[in-house]
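Next comes data20.txt, with compact mmCIF, N, CA, C and O atoms.
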```txt
# COMPACT_ATOMS: atom_id res chain seq x y z
N ARG A 780 -12.44 -35.88 11.46
CA ARG A 780 -11.26 -36.40 10.75
C ARG A 780 -10.05 -35.59 11.19
O ARG A 780 -9.80 -34.52 10.68
N SER A 781 -9.32 -36.12 12.08
CA SER A 781 -8.12 -35.40 12.50
C SER A 781 -7.00 -35.63 11.50
O SER A 781 -6.91 -36.68 10.88
N GLY A 782 -6.16 -34.62 11.36
CA GLY A 782 -5.01 -34.74 10.47
C GLY A 782 -5.32 -34.49 9.01
O GLY A 782 -4.43 -34.57 8.18
N SER A 783 -6.57 -34.21 8.67
CA SER A 783 -6.87 -33.95 7.26
C SER A 783 -6.52 -32.51 6.92
O SER A 783 -6.56 -31.63 7.75
N SER A 784 -6.12 -32.29 5.69
CA SER A 784 -5.80 -30.93 5.25
C SER A 784 -6.35 -30.71 3.86
O SER A 784 -6.61 -31.66 3.13
N ASN A 785 -6.51 -29.49 3.52
CA ASN A 785 -7.02 -29.14 2.21
C ASN A 785 -5.86 -28.56 1.40
O ASN A 785 -5.44 -27.44 1.66
N PRO A 786 -5.32 -29.29 0.43
CA PRO A 786 -4.17 -28.78 -0.34
C PRO A 786 -4.51 -27.57 -1.20
O PRO A 786 -3.63 -26.89 -1.68
N ALA A 787 -5.79 -27.28 -1.40
CA ALA A 787 -6.17 -26.12 -2.21
C ALA A 787 -5.98 -24.82 -1.45
O ALA A 787 -5.98 -23.75 -2.03
N ILE A 788 -5.84 -24.91 -0.14
CA ILE A 788 -5.65 -23.71 0.66
C ILE A 788 -4.16 -23.55 0.94
O ILE A 788 -3.53 -24.43 1.52
N ALA A 789 -3.62 -22.44 0.50
CA ALA A 789 -2.19 -22.18 0.71
C ALA A 789 -2.05 -20.92 1.54
O ALA A 789 -2.74 -19.94 1.31
N ASN A 790 -1.17 -20.95 2.49
CA ASN A 790 -0.92 -19.76 3.29
C ASN A 790 0.14 -18.92 2.61
O ASN A 790 1.21 -19.41 2.29
N LYS A 791 -0.18 -17.67 2.39
CA LYS A 791 0.73 -16.74 1.75
C LYS A 791 1.60 -16.09 2.83
O LYS A 791 1.08 -15.72 3.86
N PRO A 792 2.90 -15.97 2.62
CA PRO A 792 3.73 -15.27 3.61
C PRO A 792 3.21 -13.86 3.85
O PRO A 792 2.72 -13.21 2.93
N ALA A 793 3.32 -13.39 5.07
CA ALA A 793 2.78 -12.09 5.44
C ALA A 793 3.40 -10.95 4.63
O ALA A 793 2.75 -9.95 4.38
N ASN A 794 4.65 -11.12 4.19
CA ASN A 794 5.31 -10.04 3.47
C ASN A 794 5.17 -10.17 1.95
O ASN A 794 5.79 -9.44 1.21
N SER A 795 4.37 -11.10 1.50
CA SER A 795 4.19 -11.31 0.08
C SER A 795 3.23 -10.27 -0.49
O SER A 795 2.13 -10.11 0.01
N PRO A 796 3.63 -9.54 -1.56
CA PRO A 796 2.72 -8.53 -2.13
C PRO A 796 1.49 -9.20 -2.72
O PRO A 796 1.55 -10.31 -3.20
N GLN A 797 0.38 -8.52 -2.67
CA GLN A 797 -0.87 -9.04 -3.21
C GLN A 797 -1.26 -8.25 -4.45
O GLN A 797 -0.97 -7.08 -4.54
N THR A 798 -1.92 -8.93 -5.36
CA THR A 798 -2.39 -8.23 -6.56
C THR A 798 -3.90 -8.28 -6.68
O THR A 798 -4.44 -7.92 -7.70
N THR A 799 -4.56 -8.75 -5.64
CA THR A 799 -6.01 -8.78 -5.67
C THR A 799 -6.55 -8.02 -4.48
O THR A 799 -5.85 -7.81 -3.49
N GLY A 800 -7.79 -7.63 -4.58
CA GLY A 800 -8.40 -6.89 -3.49
C GLY A 800 -8.20 -5.40 -3.66
O GLY A 800 -7.40 -4.95 -4.47
N ALA A 801 -8.94 -4.67 -2.89
CA ALA A 801 -8.88 -3.21 -2.98
C ALA A 801 -7.75 -2.67 -2.13
O ALA A 801 -7.42 -3.25 -1.10
N VAL A 802 -7.16 -1.60 -2.59
CA VAL A 802 -6.15 -0.94 -1.77
C VAL A 802 -6.87 -0.21 -0.63
O VAL A 802 -8.02 0.19 -0.76
N GLU A 803 -6.19 -0.08 0.50
CA GLU A 803 -6.80 0.53 1.67
C GLU A 803 -6.05 1.78 2.07
O GLU A 803 -4.83 1.83 1.99
N PRO A 804 -6.77 2.80 2.52
CA PRO A 804 -6.10 4.01 3.00
C PRO A 804 -5.32 3.71 4.27
O PRO A 804 -5.67 2.81 5.03
N GLY A 805 -4.27 4.45 4.49
CA GLY A 805 -3.47 4.29 5.70
C GLY A 805 -2.15 4.99 5.55
O GLY A 805 -1.78 5.43 4.47
N ALA A 806 -1.44 5.10 6.65
CA ALA A 806 -0.15 5.78 6.66
C ALA A 806 0.85 4.95 5.86
O ALA A 806 1.24 3.87 6.26
N ASN A 807 1.25 5.44 4.69
CA ASN A 807 2.12 4.71 3.78
C ASN A 807 3.54 5.22 3.93
O ASN A 807 3.82 6.39 3.70
N SER A 808 4.44 4.33 4.34
CA SER A 808 5.83 4.72 4.54
C SER A 808 6.72 4.40 3.35
O SER A 808 7.92 4.63 3.39
N PHE A 809 6.13 3.84 2.27
CA PHE A 809 6.94 3.54 1.09
C PHE A 809 7.42 4.83 0.44
O PHE A 809 6.66 5.79 0.32
N THR A 810 8.67 4.83 0.01
CA THR A 810 9.15 5.92 -0.82
C THR A 810 8.62 5.68 -2.24
O THR A 810 8.14 4.59 -2.55
N GLU A 811 8.75 6.66 -3.10
CA GLU A 811 8.32 6.48 -4.48
C GLU A 811 9.08 5.32 -5.12
O GLU A 811 8.49 4.49 -5.83
N ALA A 812 10.38 5.23 -4.87
CA ALA A 812 11.20 4.15 -5.45
C ALA A 812 10.74 2.78 -4.94
O ALA A 812 10.69 1.81 -5.71
N GLN A 813 10.40 2.68 -3.67
CA GLN A 813 9.93 1.40 -3.12
C GLN A 813 8.58 1.02 -3.72
O GLN A 813 8.34 -0.15 -4.05
N ALA A 814 7.69 1.99 -3.85
CA ALA A 814 6.38 1.73 -4.44
C ALA A 814 6.54 1.25 -5.89
O ALA A 814 5.94 0.26 -6.30
N ARG A 815 7.41 1.94 -6.65
CA ARG A 815 7.66 1.57 -8.04
C ARG A 815 8.21 0.14 -8.11
O ARG A 815 7.79 -0.67 -8.93
N SER A 816 9.16 -0.17 -7.25
CA SER A 816 9.79 -1.50 -7.24
C SER A 816 8.76 -2.60 -6.96
O SER A 816 8.76 -3.64 -7.60
N ARG A 817 7.88 -2.36 -6.01
CA ARG A 817 6.87 -3.36 -5.67
C ARG A 817 5.87 -3.53 -6.81
O ARG A 817 5.40 -4.64 -7.06
N ILE A 818 5.51 -2.45 -7.48
CA ILE A 818 4.60 -2.54 -8.62
C ILE A 818 5.27 -3.33 -9.75
O ILE A 818 4.67 -4.23 -10.34
N GLU A 819 6.53 -3.02 -10.02
CA GLU A 819 7.27 -3.73 -11.07
C GLU A 819 7.42 -5.21 -10.73
O GLU A 819 7.41 -6.06 -11.62
N ALA A 820 7.55 -5.54 -9.46
CA ALA A 820 7.69 -6.94 -9.04
C ALA A 820 6.43 -7.75 -9.36
O ALA A 820 6.48 -8.97 -9.42
N GLN A 821 5.31 -7.06 -9.58
CA GLN A 821 4.07 -7.73 -9.93
C GLN A 821 3.87 -7.85 -11.44
O GLN A 821 2.78 -8.18 -11.91
N GLY A 822 4.91 -7.54 -12.21
CA GLY A 822 4.85 -7.74 -13.66
C GLY A 822 4.51 -6.50 -14.46
O GLY A 822 4.26 -6.60 -15.66
N PHE A 823 4.48 -5.35 -13.82
CA PHE A 823 4.19 -4.11 -14.54
C PHE A 823 5.49 -3.49 -15.04
O PHE A 823 6.53 -3.65 -14.42
N ARG A 824 5.41 -2.75 -16.12
CA ARG A 824 6.57 -2.07 -16.69
C ARG A 824 6.24 -0.60 -16.90
O ARG A 824 5.08 -0.21 -16.95
N ASN A 825 7.29 0.20 -17.09
CA ASN A 825 7.13 1.62 -17.41
C ASN A 825 6.18 2.32 -16.43
O ASN A 825 5.22 2.98 -16.83
N VAL A 826 6.45 2.15 -15.14
CA VAL A 826 5.63 2.79 -14.11
C VAL A 826 5.96 4.28 -14.09
O VAL A 826 7.12 4.67 -13.93
N VAL A 827 4.95 5.12 -14.31
CA VAL A 827 5.15 6.57 -14.38
C VAL A 827 4.07 7.29 -13.59
O VAL A 827 3.05 6.71 -13.21
N GLU A 828 4.31 8.58 -13.38
CA GLU A 828 3.35 9.48 -12.74
C GLU A 828 2.90 9.00 -11.36
O GLU A 828 1.75 9.18 -10.97
N LEU A 829 3.82 8.39 -10.60
CA LEU A 829 3.47 7.95 -9.26
C LEU A 829 3.34 9.15 -8.33
O LEU A 829 4.23 10.00 -8.29
N SER A 830 2.26 9.19 -7.61
CA SER A 830 2.10 10.22 -6.58
C SER A 830 1.24 9.64 -5.46
O SER A 830 0.38 8.80 -5.71
N LYS A 831 1.51 10.10 -4.25
CA LYS A 831 0.76 9.61 -3.10
C LYS A 831 -0.44 10.51 -2.87
O LYS A 831 -0.30 11.73 -2.78
N ASP A 832 -1.62 9.92 -2.80
CA ASP A 832 -2.83 10.72 -2.60
C ASP A 832 -3.03 11.05 -1.12
O ASP A 832 -2.25 10.64 -0.26
N ASP A 833 -4.09 11.77 -0.82
CA ASP A 833 -4.32 12.21 0.55
C ASP A 833 -4.74 11.09 1.49
O ASP A 833 -4.86 11.30 2.69
N GLN A 834 -4.92 9.88 0.96
CA GLN A 834 -5.24 8.72 1.80
C GLN A 834 -4.04 7.79 1.96
O GLN A 834 -4.18 6.69 2.49
N GLY A 835 -2.87 8.23 1.48
CA GLY A 835 -1.66 7.43 1.64
C GLY A 835 -1.49 6.33 0.61
O GLY A 835 -0.70 5.42 0.80
N VAL A 836 -2.23 6.39 -0.50
CA VAL A 836 -2.13 5.38 -1.56
C VAL A 836 -1.32 5.96 -2.71
O VAL A 836 -1.62 7.05 -3.21
N TRP A 837 -0.27 5.22 -3.12
CA TRP A 837 0.50 5.62 -4.30
C TRP A 837 -0.31 5.24 -5.53
O TRP A 837 -0.79 4.11 -5.65
N ARG A 838 -0.45 6.17 -6.48
CA ARG A 838 -1.19 5.92 -7.72
C ARG A 838 -0.37 6.37 -8.91
O ARG A 838 0.36 7.35 -8.83
N GLY A 839 -0.51 5.65 -10.02
CA GLY A 839 0.21 6.02 -11.22
C GLY A 839 -0.27 5.24 -12.41
O GLY A 839 -1.34 4.63 -12.39
N GLN A 840 0.55 5.24 -13.45
CA GLN A 840 0.25 4.53 -14.70
C GLN A 840 1.36 3.52 -14.94
O GLN A 840 2.51 3.74 -14.57
N ALA A 841 1.01 2.41 -15.59
CA ALA A 841 2.00 1.39 -15.93
C ALA A 841 1.51 0.60 -17.13
O ALA A 841 0.38 0.79 -17.58
N GLU A 842 2.37 -0.27 -17.63
CA GLU A 842 1.99 -1.14 -18.74
C GLU A 842 2.07 -2.58 -18.28
O GLU A 842 2.97 -2.97 -17.53
N ARG A 843 1.10 -3.36 -18.73
CA ARG A 843 1.10 -4.81 -18.48
C ARG A 843 0.46 -5.47 -19.68
O ARG A 843 -0.61 -5.06 -20.11
N ASP A 844 1.13 -6.48 -20.19
CA ASP A 844 0.63 -7.20 -21.37
C ASP A 844 0.35 -6.25 -22.53
O ASP A 844 -0.63 -6.41 -23.25
N GLY A 845 1.20 -5.22 -22.68
CA GLY A 845 1.07 -4.29 -23.78
C GLY A 845 -0.03 -3.26 -23.63
O GLY A 845 -0.30 -2.50 -24.54
N LYS A 846 -0.69 -3.24 -22.47
CA LYS A 846 -1.78 -2.29 -22.26
C LYS A 846 -1.41 -1.31 -21.16
O LYS A 846 -0.77 -1.67 -20.17
N SER A 847 -1.86 -0.07 -21.31
CA SER A 847 -1.66 0.94 -20.27
C SER A 847 -2.77 0.80 -19.23
O SER A 847 -3.94 0.70 -19.59
N VAL A 848 -2.38 0.74 -17.96
CA VAL A 848 -3.35 0.59 -16.89
C VAL A 848 -3.03 1.57 -15.76
O VAL A 848 -1.88 2.02 -15.61
N SER A 849 -4.04 1.89 -14.97
CA SER A 849 -3.83 2.65 -13.75
C SER A 849 -3.45 1.67 -12.66
O SER A 849 -4.03 0.58 -12.57
N VAL A 850 -2.48 2.03 -11.84
CA VAL A 850 -2.05 1.16 -10.76
C VAL A 850 -2.09 1.92 -9.44
O VAL A 850 -2.01 3.15 -9.42
N ALA A 851 -2.24 1.17 -8.36
CA ALA A 851 -2.23 1.76 -7.03
C ALA A 851 -1.59 0.76 -6.08
O ALA A 851 -1.68 -0.46 -6.29
N ILE A 852 -0.91 1.27 -5.05
CA ILE A 852 -0.33 0.40 -4.03
C ILE A 852 -0.55 1.05 -2.66
O ILE A 852 -0.31 2.25 -2.49
N ASP A 853 -1.05 0.24 -1.73
CA ASP A 853 -1.34 0.79 -0.41
C ASP A 853 -0.21 0.51 0.57
O ASP A 853 0.81 -0.08 0.22
N TYR A 854 -0.43 0.90 1.81
CA TYR A 854 0.60 0.78 2.84
C TYR A 854 0.97 -0.66 3.15
O TYR A 854 2.04 -0.93 3.70
N LYS A 855 0.11 -1.62 2.78
CA LYS A 855 0.39 -3.03 3.02
C LYS A 855 1.16 -3.67 1.87
O LYS A 855 1.57 -4.81 1.97
N GLY A 856 1.28 -2.95 0.78
CA GLY A 856 1.95 -3.51 -0.39
C GLY A 856 0.99 -4.15 -1.37
O GLY A 856 1.40 -4.79 -2.34
N THR A 857 -0.32 -3.98 -1.15
CA THR A 857 -1.32 -4.51 -2.08
C THR A 857 -1.31 -3.66 -3.35
O THR A 857 -1.48 -2.45 -3.28
N VAL A 858 -1.10 -4.33 -4.49
CA VAL A 858 -1.09 -3.64 -5.78
C VAL A 858 -2.42 -3.90 -6.48
O VAL A 858 -2.86 -5.03 -6.56
N GLN A 859 -3.00 -2.84 -6.99
CA GLN A 859 -4.27 -2.94 -7.72
C GLN A 859 -4.11 -2.30 -9.09
O GLN A 859 -3.52 -1.22 -9.20
N ALA A 860 -4.62 -2.97 -10.10
CA ALA A 860 -4.59 -2.41 -11.47
C ALA A 860 -6.03 -2.23 -11.94
O ALA A 860 -6.91 -3.02 -11.61
N GLN A 861 -6.24 -1.17 -12.74
CA GLN A 861 -7.58 -0.92 -13.28
C GLN A 861 -7.49 -0.70 -14.77
O GLN A 861 -6.58 -0.11 -15.25
```

Entire entry expressed as structure tokens:
Amino acid sequence: RSGSSNPAIANKPANSPQTTGAVEPGANSFTEAQARSRIEAQGFRNVVELSKDDQGVWRGQAERDGKSVSVAIDYKGTVQAQ
């Protein structure tokens, strides 16, 4: 069937932050302010205690939906909450 497409599959722009999947170690060039901004762009508030670990992942605490969660962001901009 030529020309058929699956509307359930959407291509995400390469620069779009992700909120699923595991963060990956790597050389992270984000400043603390950039990391905080990207985390906040995913709906988190009151991002505090951000620090970059020895694997290049920014980690800290934030609030989402009234709950305190641990957050992390890797060099690709992938945000993970726990």

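Interatomic distance, CA of Arg824 (chain A) to CA of Arg843 (chain A): 6.4 Å.
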
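In terms of minimum interatomic distance to Gln840 (chain A), A:Asn825 ranks closest within A:Thr810, A:Gln859, A:Asn825, A:Ser816, counting all atoms listed in the file.
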
The distance between CA of Gln834 (chain A) and CA of Ser847 (chain A) is 23.7 Å

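Put simply, atom O of Val826 (chain A) is 19.2 Å away from atom O of Tyr854 (chain A).
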
Find the residues with any atom within 4.5 Å of (5.2, -5.0, -15.7); use only N, CA, C and O atoms and the coordinates as given in the file, and write the answer as a ChimeraX atom specification. /A:822-824,842

Selected residues written out with N, CA, C and O atoms, as a PDB file, in the coordinates of the input:
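What ended up in result_32.pdb:
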```
ATOM      1  N   GLY A 822       4.910  -7.540 -12.210  1.00  0.00           N
ATOM      2  CA  GLY A 822       4.850  -7.740 -13.660  1.00  0.00           C
ATOM      3  C   GLY A 822       4.510  -6.500 -14.460  1.00  0.00           C
ATOM      4  O   GLY A 822       4.260  -6.600 -15.660  1.00  0.00           O
ATOM      5  N   PHE A 823       4.480  -5.350 -13.820  1.00  0.00           N
ATOM      6  CA  PHE A 823       4.190  -4.110 -14.540  1.00  0.00           C
ATOM      7  C   PHE A 823       5.490  -3.490 -15.040  1.00  0.00           C
ATOM      8  O   PHE A 823       6.530  -3.650 -14.420  1.00  0.00           O
ATOM      9  N   ARG A 824       5.410  -2.750 -16.120  1.00  0.00           N
ATOM     10  CA  ARG A 824       6.570  -2.070 -16.690  1.00  0.00           C
ATOM     11  C   ARG A 824       6.240  -0.600 -16.900  1.00  0.00           C
ATOM     12  O   ARG A 824       5.080  -0.210 -16.950  1.00  0.00           O
ATOM     13  N   GLU A 842       2.370  -0.270 -17.630  1.00  0.00           N
ATOM     14  CA  GLU A 842       1.990  -1.140 -18.740  1.00  0.00           C
ATOM     15  C   GLU A 842       2.070  -2.580 -18.280  1.00  0.00           C
ATOM     16  O   GLU A 842       2.970  -2.970 -17.530  1.00  0.00           O
TER      17      GLU A 842
END
```

10 Å contact set for Val827 (chain A), only C-alpha atoms, chain neighbours under 6 positions out, as a list in words: Arg815, Arg838, Gly839, Gln840, Ala841, Glu842, Ser849 and Val850 of chain A

Rank nothing, just name the residue among A:Ala820, A:Thr857, A:Asp832, A:Ala851 nearest to Gly805 (chain A), using all atoms listed in the file. A:Asp832

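Here the question is which of A:Ala801, A:Gly835, A:Ile852, A:Lys846 gets nearest to Arg817 (chain A) using only C-alpha atoms, and that residue is A:Ile852.
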
Do you know which residues lie at most 6 Å from (2.2, 3.6, 0.6), with coordinates as in the file and only C-alpha atoms counted, and could you write them as an MDAnalysis selection string? chainID A and resid 807:809 835:837 853:854

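Using only N, CA, C and O atoms, the nearest neighbour of Gln861 (chain A) within the list A:Ala806, A:Glu819, A:Glu811, A:Val848 is A:Val848.
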
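For the choices A:Lys855, A:Lys831, A:Ile818, A:Ala860, the atom-to-atom distance to Glu803 (chain A) is smallest for A:Lys855 when using all atoms listed in the file.
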